[in-house]
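A.B. asks: Shown below is the structure under consideration.
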There are 2 protein chains.
Amino acid sequence: MSAGTDAGTGTGVAEGVLRARAYLMRLAEPPAPRLAHLVALLGPVEAAERIRGGADLGRHVGGEVAGRRDVDRVDADLDAVRALGGRLLVPEDAAWPTAAMAAFEHPDLHGSTDWVAPLGLWVRGPGSLATLSDGAHRSVAVVGSRAATGYGKWVAREWSASLADEGLTVVSGAAFGIDAAAHRGCLAVNGATVAVLACGIERAYPAAHARLLETIAAQGLVVSEYPVGTVPARHRFLVRNRLIAALASGTLVVEAGARSGAARTALAARDLGRLVMAVPGPVTSALSVGSHHLARQPGVSLVGSVDHVLEDVGPAGRLATPPARPRGPLDGLSMPAVRVHGALRGFATSTVGALARESGVDPRAVPAALDELAAARLVVPDGERGWCRPG
Amino acid sequence: MSAGTDAGTGTGVAEGVLRARAYLMRLAEPPAPRLAHLVALLGPVEAAERIRGGADLGRHVGGEVAGRRDVDRVDADLDAVRALGGRLLVPEDAAWPTAAMAAFEHPDLHGSTDWVAPLGLWVRGPGSLATLSDGAHRSVAVVGSRAATGYGKWVAREWSASLADEGLTVVSGAAFGIDAAAHRGCLAVNGATVAVLACGIERAYPAAHARLLETIAAQGLVVSEYPVGTVPARHRFLVRNRLIAALASGTLVVEAGARSGAARTALAARDLGRLVMAVPGPVTSALSVGSHHLARQPGVSLVGSVDHVLEDVGPAGRLATPPARPRGPLDGLSMPAVRVHGALRGFATSTVGALARESGVDPRAVPAALDELAAARLVVPDGERGWCRPG
């Protein structure tokens, strides 16, 4: 990936902070808003010490950590990730995606306290998260149906490759269908891609994507807030989706059926203040129903090309090229000239008077119109009898 | 057609008015804003008298009528149309589409003086224009590429049939491709359809649509502001398109290429204060490029179904049904129940403590979650050892 690296072992972060966050991240099932609040208040080290020391945490924080309060696997978790060549990225690290995570302070989230930033991220691969949405470097989340059609997968693959060529990072979830096509399109052009998982980063899920995930870990970045050993579960996909939305400047929904997790990720992205884009498809396709429904919601834009995506999420001021219009022979002519040209019948010769009558153009304006048409080689004089089309 | 009829011969309109307008309509090529202004000022009878009498009309009105000032074919024009079973519909007639024509007073047109209402309309067929956009009865213009794909023609035909079934009138231009498919879909369900021509109403243009136009004239309405004998010409299509836009409550663009007259009609419709809707298609289709570009413009909505069209142009308050979401087994369960269910592994039996640890749910909340899952038959007790999935 082009923009720096998160590799190394928490450079510049105190080991105590890293260990405290590793402890806290296993303690509660994300998102744990009360625990996050406690950590923000006390700092990770003191929060971890109090919980380990058996302090009374009150009903709310207590409820979040009660199921796992006796679990303490800091060494095992850090060792396991280091053995994979990965590391724990924490907010105290310069490589933390601070700009992206600021999404969780977006005003539209007030009252939705479940939407908190992760306490840390387990990461694997040479890629960087820090610069994803800092203005200089942009990223797009490409999401959609697992049961995607060939059309959807083609769009995900080709557009992701083009976006990568433009220097954007493609974020997705490594699932079947659209996700995999997006990662693959990006990898095919040696682009930057980030897979955000709903399980531990050591796990190949789905199993058929073991090789894809290895390639992403070798060229890009595999990311999860779940400790090693965590298995995927339904609610974890929903929770993971908020991270995909936050890490990208905009979320592109390629195909979404009527019951679409992708469309929900997209609307979640909107609540985080992110751009949401829907790719159209045939109205006859069940897998475009969700996309078209989405495109009618406020704050969602329709994108019919990579140019549209770049216009929406690319560097400010970049505008899509309007569709190229093939030129016709009458382009650029004045309306009187177009009307006089239309009044010429086949290859017959017409007088100025007849052309004025047929076209309704003021007879005094007909000669100028004929000059214009003659210059464009659309009429020729026929001796003194009048004018006709060139034969 | 369902909503009244314009048949008969100018019921209630003075013959002098009818004759004056027939004279004026041949005098200038539409749209003739200066002549329209003169007629509005003096009334059609006095305007016609002054012009016939050779009055000095000033440079502007004079220029509009100069080419044809010696043409006077009132009797021939009225006779020809009556011989076809048609008539001249004028603003003084109760059947004039007053509400639709009010579009030409829309504020967005200020400064675009070319956009004036026609001086009259030559009509043929049992249909009515008067009630098209009066609130009780709605109409949709269905437009698009002449070189439409099978997909586009399918959408135009099926959606027009459905809109007709819902009591809406479908307005189009009788061209190849989308236009013809729209008229045919409407006729197939005995719906109301209006063809607005860029030539005289006696003319079959394109020639291949002679039978289609006869059917529309027999069941619906064929309309033109051009006198009998007028041949189609490039500029007349542009001028005609403003009438299609004005006569419909909304304009639906089914397929539009990069160089699209349909898209221009649609944006013209927007300037008239009309709704503009774009039908999506595959991003790989050259004939959807214009539609997708259009859908990104302000004031244009994307429609993925007939329900969306009805939501946009139908009776106020009618909302599209959200896409039906197939129900899943975990729908409606609380988040703790979803999390506990996800913590059950295969058919193995788990204790409350193990389920709390795996799911991160407060152990005190696990029994309630299990009760919820048991009620939904998603878990069963396994004696005193714990809980498992029903096998």
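The way I read the labels, and the way they are meant: chains A, B, ... in the order of the structure tokens, residue 1 as the first residue of every chain, and ligand 1 as the first ligand shown, with later ones counted on from there.
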Please give the complete set of residues from region 86-184 of chain B that DSSP, run on the backbone, assigns to alpha helix (DSSP H), formatted as a list in words.
C.D. replies: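 These are the residues in question: Thr98, Ala99, Ala100, Met101, Gly150, Tyr151, Gly152, Lys153, Trp154, Val155, Ala156, Arg157, Glu158, Trp159, Ser160, Ala161, Ser162, Leu163, Ala164, Asp165, Ile178, Asp179, Ala180, Ala181, Ala182, His183 and Arg184 of chain B.
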A.B. asks: Define the interface residues of chain A facing chain B as those within 7 Å, counting only C-alpha atoms, and report them as a count of residues only.
C.D. replies: 37
A.B. asks: Could you list, as a PyMOL selection string, every residue within 12 Å of region 209-213 of chain B, counting only C-alpha atoms and ignoring same-chain residues fewer than 3 positions away?
C.D. replies: chain B and resi 124-125+172-177+179-188+193-197+201-206+216-223
A.B. asks: Can you list, as an MDAnalysis selection string, every protein, DNA or RNA residue that comes within 9 Å of Ala94 (chain A) when you count only C-alpha atoms, leaving out same-chain residues fewer than 4 positions away?
C.D. replies: chainID A and resid 11:13 90 98 130
A.B. asks: Calculated over only C-alpha atoms, which of the candidates A:Ser139, A:Ser224, A:Ser145, A:Thr215 has the smallest distance to Val253 (chain A)?
C.D. replies: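 Of A:Ser139, A:Ser224, A:Ser145, A:Thr215, the one nearest Val253 (chain A), counting only C-alpha atoms, is A:Ser145.
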A.B. asks: Residues near Ala20 (chain B), anyone? I mean within 8 Å using only C-alpha atoms, not counting same-chain ones fewer than 5 positions away, as a ChimeraX atom specification.
C.D. replies: /B:44-45,48
